[in-house]
Structure formats: structure tokens, C-alpha cells
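Student: Quick one, protein.cif (mmCIF, C-alpha atoms and all ligand atoms):
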data_work
#
loop_
_atom_site.label_atom_id
_atom_site.label_comp_id
_atom_site.auth_asym_id
_atom_site.auth_seq_id
_atom_site.Cartn_x
_atom_site.Cartn_y
_atom_site.Cartn_z
CA MET A 1 123.47 105.18 57.64
CA GLY A 2 126.60 106.45 59.33
CA LEU A 3 128.59 104.20 61.62
CA PHE A 4 128.03 106.55 64.51
CA LYS A 5 124.33 106.96 64.05
CA LYS A 6 122.78 107.47 67.48
CA LYS A 7 119.76 105.50 68.55
CA ARG A 8 116.67 107.39 69.51
CA CYS A 9 113.84 106.69 71.91
CA ALA A 10 110.88 105.30 69.94
CA PHE A 11 108.44 107.38 71.99
CA CYS A 12 110.02 110.81 72.57
CA ASP A 13 112.84 110.73 69.98
CA LYS A 14 115.47 111.62 72.59
CA LYS A 15 118.95 110.36 71.73
CA ILE A 16 119.94 107.33 73.74
CA GLY A 17 123.46 106.12 74.37
CA ALA A 18 125.00 102.67 74.58
CA PHE A 19 124.36 102.52 78.32
CA ASN A 20 120.68 103.28 78.06
CA LYS A 21 118.82 101.90 81.09
CA GLY A 22 115.47 102.00 79.30
CA LYS A 23 113.45 99.03 78.10
CA ARG A 24 114.23 97.29 74.81
CA PHE A 25 111.64 95.85 72.42
CA THR A 26 111.86 93.76 69.25
CA ASP A 27 111.54 96.87 67.05
CA GLY A 28 113.19 99.63 69.08
CA GLU A 29 114.01 100.89 72.54
CA LEU A 30 112.84 103.53 74.96
CA CYS A 31 114.76 106.06 77.04
CA SER A 32 114.70 105.63 80.81
CA ASP A 33 112.13 108.44 81.21
CA CYS A 34 109.62 106.83 78.84
CA SER A 35 110.33 103.40 80.34
CA GLY A 36 109.20 104.88 83.64
CA GLU A 37 105.64 104.81 82.28
CA LEU A 38 105.84 101.03 82.07
CA SER A 39 105.38 98.71 85.02
CA SER A 40 108.66 97.90 86.79
CA ASN A 41 107.31 94.32 86.96
CA TRP A 42 107.42 93.91 83.18
CA HIS A 43 110.80 92.20 82.79
CA ASP A 44 110.74 90.47 79.41
CA THR A 45 109.98 93.44 77.15
CA VAL A 46 112.60 92.30 74.61
CA LYS A 47 110.10 89.65 73.51
CA TYR A 48 107.46 92.28 72.74
CA SER A 49 106.98 95.05 70.20
CA LEU A 50 106.52 98.79 70.67
CA SER A 51 102.82 98.42 69.86
CA ASP A 52 102.59 96.05 72.84
CA ALA A 53 104.19 98.81 74.92
CA ILE A 54 101.45 101.25 73.86
CA LYS A 55 98.79 98.68 74.74
CA HIS A 56 100.54 98.15 78.06
CA ILE A 57 100.44 101.87 78.88
CA ASN A 58 96.66 101.82 78.34
CA GLU A 59 96.35 98.81 80.62
CA ARG A 60 98.37 100.70 83.22
CA LYS A 61 95.75 103.48 83.03
CA ASN A 62 93.10 100.88 83.84
CA ASN A 63 95.28 99.66 86.70
CA ILE A 64 95.43 103.08 88.35
CA GLU A 65 91.67 103.53 87.95
CA LYS A 66 91.12 100.18 89.69
CA LEU A 67 93.50 101.24 92.48
CA LYS A 68 91.49 104.42 92.98
CA ASN A 69 87.97 102.98 92.65
CA GLU A 70 87.96 99.22 93.21
CA PHE A 71 90.69 98.71 95.81
CA ASN A 72 90.09 99.42 99.48
CA PRO A 73 92.89 97.87 101.57
CA ASP A 74 91.98 97.03 105.14
CA SER A 75 95.42 95.80 106.18
CA TYR A 76 99.06 96.28 105.35
CA PHE A 77 102.19 94.36 106.19
CA GLY A 78 105.91 95.02 106.04
CA PHE A 79 107.55 98.39 105.71
CA ARG A 80 109.75 98.57 102.63
CA PRO A 81 108.19 97.11 100.57
CA THR A 82 104.67 97.24 101.92
CA LEU A 83 101.96 94.74 101.07
CA PHE A 84 98.46 96.22 100.92
CA VAL A 85 95.57 93.77 101.17
CA ASP A 86 91.88 94.18 100.40
CA THR A 87 90.55 91.05 102.10
CA GLU A 88 86.98 91.60 100.99
CA ARG A 89 87.78 91.84 97.27
CA LYS A 90 90.77 89.45 97.60
CA LEU A 91 93.17 91.92 96.00
CA PHE A 92 96.68 92.99 96.89
CA CYS A 93 99.55 95.16 95.71
CA ILE A 94 103.07 95.77 96.93
CA THR A 95 104.64 99.23 97.09
CA LEU A 96 108.27 100.10 97.41
CA GLY A 97 107.61 102.87 99.91
CA GLY A 98 106.61 102.79 103.56
CA ALA A 99 103.00 102.18 104.50
CA ARG A 100 102.30 105.52 106.11
CA GLU A 101 103.94 107.54 103.39
CA SER A 102 101.52 109.20 101.07
CA TYR A 103 101.38 112.26 98.92
CA GLY A 104 98.73 114.47 100.42
CA ASP A 105 95.54 112.46 100.10
CA VAL A 106 96.98 110.15 97.47
CA PRO A 107 97.90 106.72 98.85
CA ARG A 108 101.37 105.50 98.11
CA TYR A 109 100.16 102.59 95.98
CA VAL A 110 98.22 105.00 93.74
CA ASN A 111 101.19 107.32 93.45
CA GLU A 112 103.38 104.40 92.38
CA ASN A 113 100.59 102.91 90.20
CA CYS A 114 101.40 99.52 91.73
CA ASP A 115 100.24 96.53 89.75
CA LEU A 116 97.08 95.18 91.34
CA PHE A 117 96.74 91.40 91.75
CA SER A 118 94.06 89.03 92.93
CA PHE A 119 94.95 86.45 95.61
CA SER A 120 94.71 83.68 93.02
CA GLN A 121 97.45 85.34 90.93
CA LEU A 122 100.00 84.78 93.68
CA GLU A 123 101.95 81.70 92.70
CA ASP A 124 104.83 81.54 95.17
CA THR A 125 107.41 83.59 97.04
CA MET A 126 111.10 83.06 97.60
CA ILE A 127 113.61 84.81 99.81
CA SER A 128 117.32 84.46 99.16
CA SER A 129 120.46 86.18 100.32
CA SER A 130 123.75 86.85 98.58
CA ASP A 131 127.31 87.00 99.90
CA ASN A 132 127.26 90.79 99.99
CA GLY A 133 124.38 90.76 102.48
CA ILE A 134 121.60 91.70 100.08
CA HIS A 135 118.35 89.80 100.63
CA THR A 136 116.05 89.34 97.69
CA LEU A 137 112.36 88.70 97.94
CA THR A 138 110.80 87.37 94.75
CA VAL A 139 107.03 87.15 94.47
CA PHE A 140 105.97 84.94 91.58
CA ILE A 141 102.79 85.94 89.76
CA ARG A 142 100.70 83.88 87.34
CA ASN A 143 97.94 84.68 84.85
CA HIS A 144 98.75 88.38 84.57
CA PRO A 145 99.20 90.28 81.26
CA TRP A 146 102.76 91.46 82.01
CA ALA A 147 103.93 90.66 85.55
CA THR A 148 105.60 87.29 86.12
CA LYS A 149 107.56 88.19 89.23
CA LEU A 150 108.12 91.10 91.61
CA VAL A 151 111.66 91.50 92.85
CA PHE A 152 112.65 93.41 96.00
CA ARG A 153 116.17 93.79 97.34
CA ASP A 154 117.21 94.96 100.78
CA ARG A 155 120.03 94.59 103.29
CA ILE A 156 117.58 93.89 106.09
CA ALA A 157 115.88 90.49 105.81
CA SER A 158 113.42 91.25 108.60
CA ASN A 159 111.80 93.84 106.34
CA TYR A 160 110.36 90.86 104.45
CA GLU A 161 109.48 88.52 107.28
CA ASP A 162 106.31 90.32 108.14
CA MET A 163 105.22 90.10 104.51
CA LEU A 164 106.03 86.41 104.19
CA VAL A 165 103.72 85.57 107.08
CA VAL A 166 100.97 87.35 105.23
CA ASP A 167 101.92 85.62 102.01
CA ALA A 168 101.10 82.29 103.65
CA GLU A 169 97.76 83.77 104.64
CA LEU A 170 97.13 84.96 101.09
CA ARG A 171 97.97 81.57 99.68
CA ARG A 172 95.81 79.83 102.22
CA ILE A 173 92.92 81.99 101.06
CA SER A 174 93.61 81.27 97.39
CA TYR A 175 93.75 77.54 98.12
CA THR A 176 90.37 77.56 99.82
CA GLU A 177 88.94 79.15 96.67
CA LYS A 178 89.76 76.02 94.67
ZN ZN A 201 111.73 108.64 75.61
#
What would you get if you wrote out this structure as C-alpha cells?
Ligand SMILES: [Zn+2]
Tutor:
Amino acid sequence: MGLFKKKRCAFCDKKIGAFNKGKRFTDGELCSDCSGELSSNWHDTVKYSLSDAIKHINERKNNIEKLKNEFNPDSYFGFRPTLFVDTERKLFCITLGGARESYGDVPRYVNENCDLFSFSQLEDTMISSSDNGIHTLTVFIRNHPWATKLVFRDRIASNYEDMLVVDAELRRISYTEK
């Protein structure tokens, strides 16, 4: 146990430095590459163990299968990020990329393996701006295995306005369900 013993990624065993940007867990941490397999909407990983991370990766595989087979968006809103809505199945997801960007035949939301939510999982949204001109859109999510909020930052507030209008629509729909 030397004083200068380097930490290693619990998944790939790569050495990780003090400024590692990867996710931390109760019993170890991951390098930034391996953390890329986890949802960017999973913020509180420090409360979970590495075995939860493995379970999470399997759930992410289910998520991408649902995006491919059970999600058929009929409308989209905003630009960066873009909100994709399947009004028939009452599902939505939000990508970071532009709506018309795709990789060959693969839709952007599949390529990003965006977390898929039902309308009823949308709790609230908030838009705020900081002194340095950065606007932050936070979408609060409830009753989801790992996502509690989605956070988007941009210098241009109007990029979000289109989405917020739709958010009201989404919430209206989820209210009628009750
Ligand atoms: Zn790794």
C-alpha cells in the first residue's frame, strides 16, 4: 500500500488520476470512457455500488431496444436539445443534438441512447439564467430507476422556449390521465 498508489477504473483497470471525470461509486470509481456507458442523467452515483452500475448498464440495453422498437415519435420540438414525442404511446426523450441530425438510418435519439420517459414521469421544468449568460433548462423526472433530472445548458434561451411550450402540453396530457 504505497502512498502513491494509483487508482484504477473498476471496469477496465485503466489508471485514473486525481482529476478523473468519471463516475464515483461507494466501492470504486470508473474512468471517463467507462462512465460514458452510463446515462448522463444518472447524477447521484456516489450513493450506489458498482454492482448497481452493472445492473444499470443492462437497463440501458433495454432502453435502447425500446427506442428502436417501441418508440415512434410523431413530433419534435426545439433544436439543441430536441424533444421527441410519441403522442400515441405517451413517451418522450430529449437529445442533445439537432432534430434532423442522424447517423445514416439511425435516429439521433437511438445513437445517443436517450433515456425514454412516459408523460407521467415528467414532474416539472425550470429555466434559469446565470450572470455569465448561460441559460439552464432543468427537466425534473419522477418514478424512474436512475434519472431524477435532465440538465441542459446553452447561451441561447430561445433554444428552450419551443420545448417549454411543449412541456406544458405534455403536462396537460399527464394531468388528464389522473
Ligand atoms: Zn474504464
Student: Using all atoms listed in the file, which of the listed residues (A:Trp42, A:Phe19, A:Tyr160, A:Phe119) sits closest to A:Leu137?
Tutor: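 Of the candidates, the smallest distance to A:Leu137 is held by A:Tyr160.
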Student: Pick out the closest residue to ligand ZN 201 (chain A) from this set: A:Ile64, A:Ala157, A:Ala53, A:Cys12. Count all atoms listed in the file.
Tutor: A:Cys12
Student: Neighbours of ligand ZN 201 (chain A) within 10 Å, counting all atoms listed in the file, as a PyMOL selection string?
Tutor: chain A and resi 8-16+22+29-37
Student: Counting only C-alpha atoms, what is within 12 Å of A:His135, bar same-chain residues fewer than 2 positions away, as number ranges by chain?
Tutor: A: 126-133, 137-138, 151-161
Student: In Å, how far is it from atom CA of A:Asn143 to atom CA of A:Glu123?
Tutor: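 The value is 9.3 Å.
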Student: Rank nothing, just name the residue among A:Val46, A:Ile94, A:Leu67, A:Val139 nearest to A:Val106, using only C-alpha atoms.
Tutor: A:Leu67
Student: Of the candidates A:Thr82, A:Pro73, A:Ser118, A:Asp27, which one gets nearest to A:Ser51 if we count all atoms listed in the file?
Tutor: A:Asp27
Student: Pick out the closest residue to A:Leu170 from this set: A:Leu122, A:Val110, A:Ile134, A:Ala18. Count all atoms listed in the file.
Tutor: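 Comparing A:Leu122, A:Val110, A:Ile134, A:Ala18 against A:Leu170, the winner is A:Leu122.
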Student: Would you please work out which residue, of A:Leu116, A:Leu50, A:Ile57, A:Leu96, is nearest to A:Glu70 when using all atoms listed in the file?
Tutor: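 Residue with the minimum atom-to-atom distance to A:Glu70: A:Leu116.
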Student: What gap, in Å, lies between atom CA of A:Thr87 and atom CA of A:Ser39?
Tutor: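 So the answer is 23.9 Å.
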Student: Go ahead and compute the interatomic distance for atom CA of A:Leu38 and atom CA of A:Asp124, in Å to one decimal.
Tutor: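 So the answer is 23.5 Å.
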Student: So that I can check the surroundings of A:Glu88, please list as JSON, numbers by chain every protein, DNA and RNA residue that reaches within 10 Å of it, counting all atoms listed in the file and ignoring chain neighbours fewer than 6 positions away.
Tutor: {"A": [71, 72, 73, 74]}
Student: Residues of the last selection are to be written out with C-alpha atoms, as a PDB file, in the coordinates of the input.
Tutor:
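File selection-v8.pdb, as written:
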ATOM      1  CA  PHE A  71      90.690  98.710  95.810  1.00  0.00           C
ATOM      2  CA  ASN A  72      90.090  99.420  99.480  1.00  0.00           C
ATOM      3  CA  PRO A  73      92.890  97.870 101.570  1.00  0.00           C
ATOM      4  CA  ASP A  74      91.980  97.030 105.140  1.00  0.00           C
TER       5      ASP A  74
END
Student: Please supply stretch 132-163 of chain A, rebuilt with N, CA and C atoms, as a PDB file, keeping the file's coordinate frame.
Tutor:
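So the final result, stored in selection-v8.pdb, reads:
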ATOM      1  N   ASN A 132     127.055  89.392  99.576  1.00  0.00           N
ATOM      2  CA  ASN A 132     127.260  90.790  99.990  1.00  0.00           C
ATOM      3  C   ASN A 132     126.147  91.303 100.911  1.00  0.00           C
ATOM      4  N   GLY A 133     125.355  90.365 101.456  1.00  0.00           N
ATOM      5  CA  GLY A 133     124.380  90.760 102.480  1.00  0.00           C
ATOM      6  C   GLY A 133     123.079  91.332 101.947  1.00  0.00           C
ATOM      7  N   ILE A 134     122.854  91.194 100.652  1.00  0.00           N
ATOM      8  CA  ILE A 134     121.600  91.700 100.080  1.00  0.00           C
ATOM      9  C   ILE A 134     120.580  90.555 100.053  1.00  0.00           C
ATOM     10  N   HIS A 135     119.427  90.794 100.645  1.00  0.00           N
ATOM     11  CA  HIS A 135     118.350  89.800 100.630  1.00  0.00           C
ATOM     12  C   HIS A 135     117.407  90.145  99.487  1.00  0.00           C
ATOM     13  N   THR A 136     116.962  89.123  98.818  1.00  0.00           N
ATOM     14  CA  THR A 136     116.050  89.340  97.690  1.00  0.00           C
ATOM     15  C   THR A 136     114.755  88.584  97.931  1.00  0.00           C
ATOM     16  N   LEU A 137     113.684  89.315  97.877  1.00  0.00           N
ATOM     17  CA  LEU A 137     112.360  88.700  97.940  1.00  0.00           C
ATOM     18  C   LEU A 137     111.790  88.673  96.534  1.00  0.00           C
ATOM     19  N   THR A 138     111.423  87.493  96.066  1.00  0.00           N
ATOM     20  CA  THR A 138     110.800  87.370  94.750  1.00  0.00           C
ATOM     21  C   THR A 138     109.385  86.847  94.948  1.00  0.00           C
ATOM     22  N   VAL A 139     108.436  87.556  94.410  1.00  0.00           N
ATOM     23  CA  VAL A 139     107.030  87.150  94.470  1.00  0.00           C
ATOM     24  C   VAL A 139     106.635  86.725  93.067  1.00  0.00           C
ATOM     25  N   PHE A 140     106.320  85.455  92.900  1.00  0.00           N
ATOM     26  CA  PHE A 140     105.970  84.940  91.580  1.00  0.00           C
ATOM     27  C   PHE A 140     104.471  85.117  91.326  1.00  0.00           C
ATOM     28  N   ILE A 141     104.162  85.609  90.139  1.00  0.00           N
ATOM     29  CA  ILE A 141     102.790  85.940  89.760  1.00  0.00           C
ATOM     30  C   ILE A 141     102.395  85.103  88.550  1.00  0.00           C
ATOM     31  N   ARG A 142     101.162  84.631  88.524  1.00  0.00           N
ATOM     32  CA  ARG A 142     100.700  83.880  87.340  1.00  0.00           C
ATOM     33  C   ARG A 142      99.429  84.541  86.781  1.00  0.00           C
ATOM     34  N   ASN A 143      99.170  84.227  85.521  1.00  0.00           N
ATOM     35  CA  ASN A 143      97.940  84.680  84.850  1.00  0.00           C
ATOM     36  C   ASN A 143      97.751  86.202  84.885  1.00  0.00           C
ATOM     37  N   HIS A 144      98.825  86.922  84.610  1.00  0.00           N
ATOM     38  CA  HIS A 144      98.750  88.380  84.570  1.00  0.00           C
ATOM     39  C   HIS A 144      99.312  88.827  83.216  1.00  0.00           C
ATOM     40  N   PRO A 145      98.756  89.889  82.607  1.00  0.00           N
ATOM     41  CA  PRO A 145      99.200  90.280  81.260  1.00  0.00           C
ATOM     42  C   PRO A 145     100.700  90.597  81.144  1.00  0.00           C
ATOM     43  N   TRP A 146     101.339  91.144  82.173  1.00  0.00           N
ATOM     44  CA  TRP A 146     102.760  91.460  82.010  1.00  0.00           C
ATOM     45  C   TRP A 146     103.634  91.022  83.198  1.00  0.00           C
ATOM     46  N   ALA A 147     103.086  90.962  84.393  1.00  0.00           N
ATOM     47  CA  ALA A 147     103.930  90.660  85.550  1.00  0.00           C
ATOM     48  C   ALA A 147     104.098  89.150  85.729  1.00  0.00           C
ATOM     49  N   THR A 148     105.324  88.696  85.833  1.00  0.00           N
ATOM     50  CA  THR A 148     105.600  87.290  86.120  1.00  0.00           C
ATOM     51  C   THR A 148     106.246  87.160  87.500  1.00  0.00           C
ATOM     52  N   LYS A 149     106.971  88.199  87.892  1.00  0.00           N
ATOM     53  CA  LYS A 149     107.560  88.190  89.230  1.00  0.00           C
ATOM     54  C   LYS A 149     107.835  89.622  89.682  1.00  0.00           C
ATOM     55  N   LEU A 150     107.780  89.810  90.998  1.00  0.00           N
ATOM     56  CA  LEU A 150     108.120  91.100  91.610  1.00  0.00           C
ATOM     57  C   LEU A 150     109.396  90.859  92.401  1.00  0.00           C
ATOM     58  N   VAL A 151     110.364  91.715  92.205  1.00  0.00           N
ATOM     59  CA  VAL A 151     111.660  91.500  92.850  1.00  0.00           C
ATOM     60  C   VAL A 151     111.986  92.676  93.765  1.00  0.00           C
ATOM     61  N   PHE A 152     112.293  92.372  95.031  1.00  0.00           N
ATOM     62  CA  PHE A 152     112.650  93.410  96.000  1.00  0.00           C
ATOM     63  C   PHE A 152     113.983  93.054  96.642  1.00  0.00           C
ATOM     64  N   ARG A 153     114.853  94.045  96.740  1.00  0.00           N
ATOM     65  CA  ARG A 153     116.170  93.790  97.340  1.00  0.00           C
ATOM     66  C   ARG A 153     116.395  94.719  98.526  1.00  0.00           C
ATOM     67  N   ASP A 154     116.958  94.166  99.580  1.00  0.00           N
ATOM     68  CA  ASP A 154     117.210  94.960 100.780  1.00  0.00           C
ATOM     69  C   ASP A 154     118.342  94.323 101.573  1.00  0.00           C
ATOM     70  N   ARG A 155     118.994  95.127 102.404  1.00  0.00           N
ATOM     71  CA  ARG A 155     120.030  94.590 103.290  1.00  0.00           C
ATOM     72  C   ARG A 155     119.424  93.968 104.537  1.00  0.00           C
ATOM     73  N   ILE A 156     118.186  94.336 104.826  1.00  0.00           N
ATOM     74  CA  ILE A 156     117.580  93.890 106.090  1.00  0.00           C
ATOM     75  C   ILE A 156     116.503  92.841 105.790  1.00  0.00           C
ATOM     76  N   ALA A 157     116.801  91.588 106.119  1.00  0.00           N
ATOM     77  CA  ALA A 157     115.880  90.490 105.810  1.00  0.00           C
ATOM     78  C   ALA A 157     114.565  90.630 106.563  1.00  0.00           C
ATOM     79  N   SER A 158     114.635  91.169 107.786  1.00  0.00           N
ATOM     80  CA  SER A 158     113.420  91.250 108.600  1.00  0.00           C
ATOM     81  C   SER A 158     112.373  92.161 107.974  1.00  0.00           C
ATOM     82  N   ASN A 159     112.780  93.019 107.045  1.00  0.00           N
ATOM     83  CA  ASN A 159     111.800  93.840 106.340  1.00  0.00           C
ATOM     84  C   ASN A 159     110.807  92.969 105.569  1.00  0.00           C
ATOM     85  N   TYR A 160     111.215  91.754 105.238  1.00  0.00           N
ATOM     86  CA  TYR A 160     110.360  90.860 104.450  1.00  0.00           C
ATOM     87  C   TYR A 160     109.581  89.878 105.296  1.00  0.00           C
ATOM     88  N   GLU A 161     110.075  89.602 106.490  1.00  0.00           N
ATOM     89  CA  GLU A 161     109.480  88.520 107.280  1.00  0.00           C
ATOM     90  C   GLU A 161     108.004  88.746 107.559  1.00  0.00           C
ATOM     91  N   ASP A 162     107.689  89.966 107.879  1.00  0.00           N
ATOM     92  CA  ASP A 162     106.310  90.320 108.140  1.00  0.00           C
ATOM     93  C   ASP A 162     105.435  90.011 106.928  1.00  0.00           C
ATOM     94  N   MET A 163     105.970  90.332 105.740  1.00  0.00           N
ATOM     95  CA  MET A 163     105.220  90.100 104.510  1.00  0.00           C
ATOM     96  C   MET A 163     105.050  88.621 104.217  1.00  0.00           C
TER      97      MET A 163
END
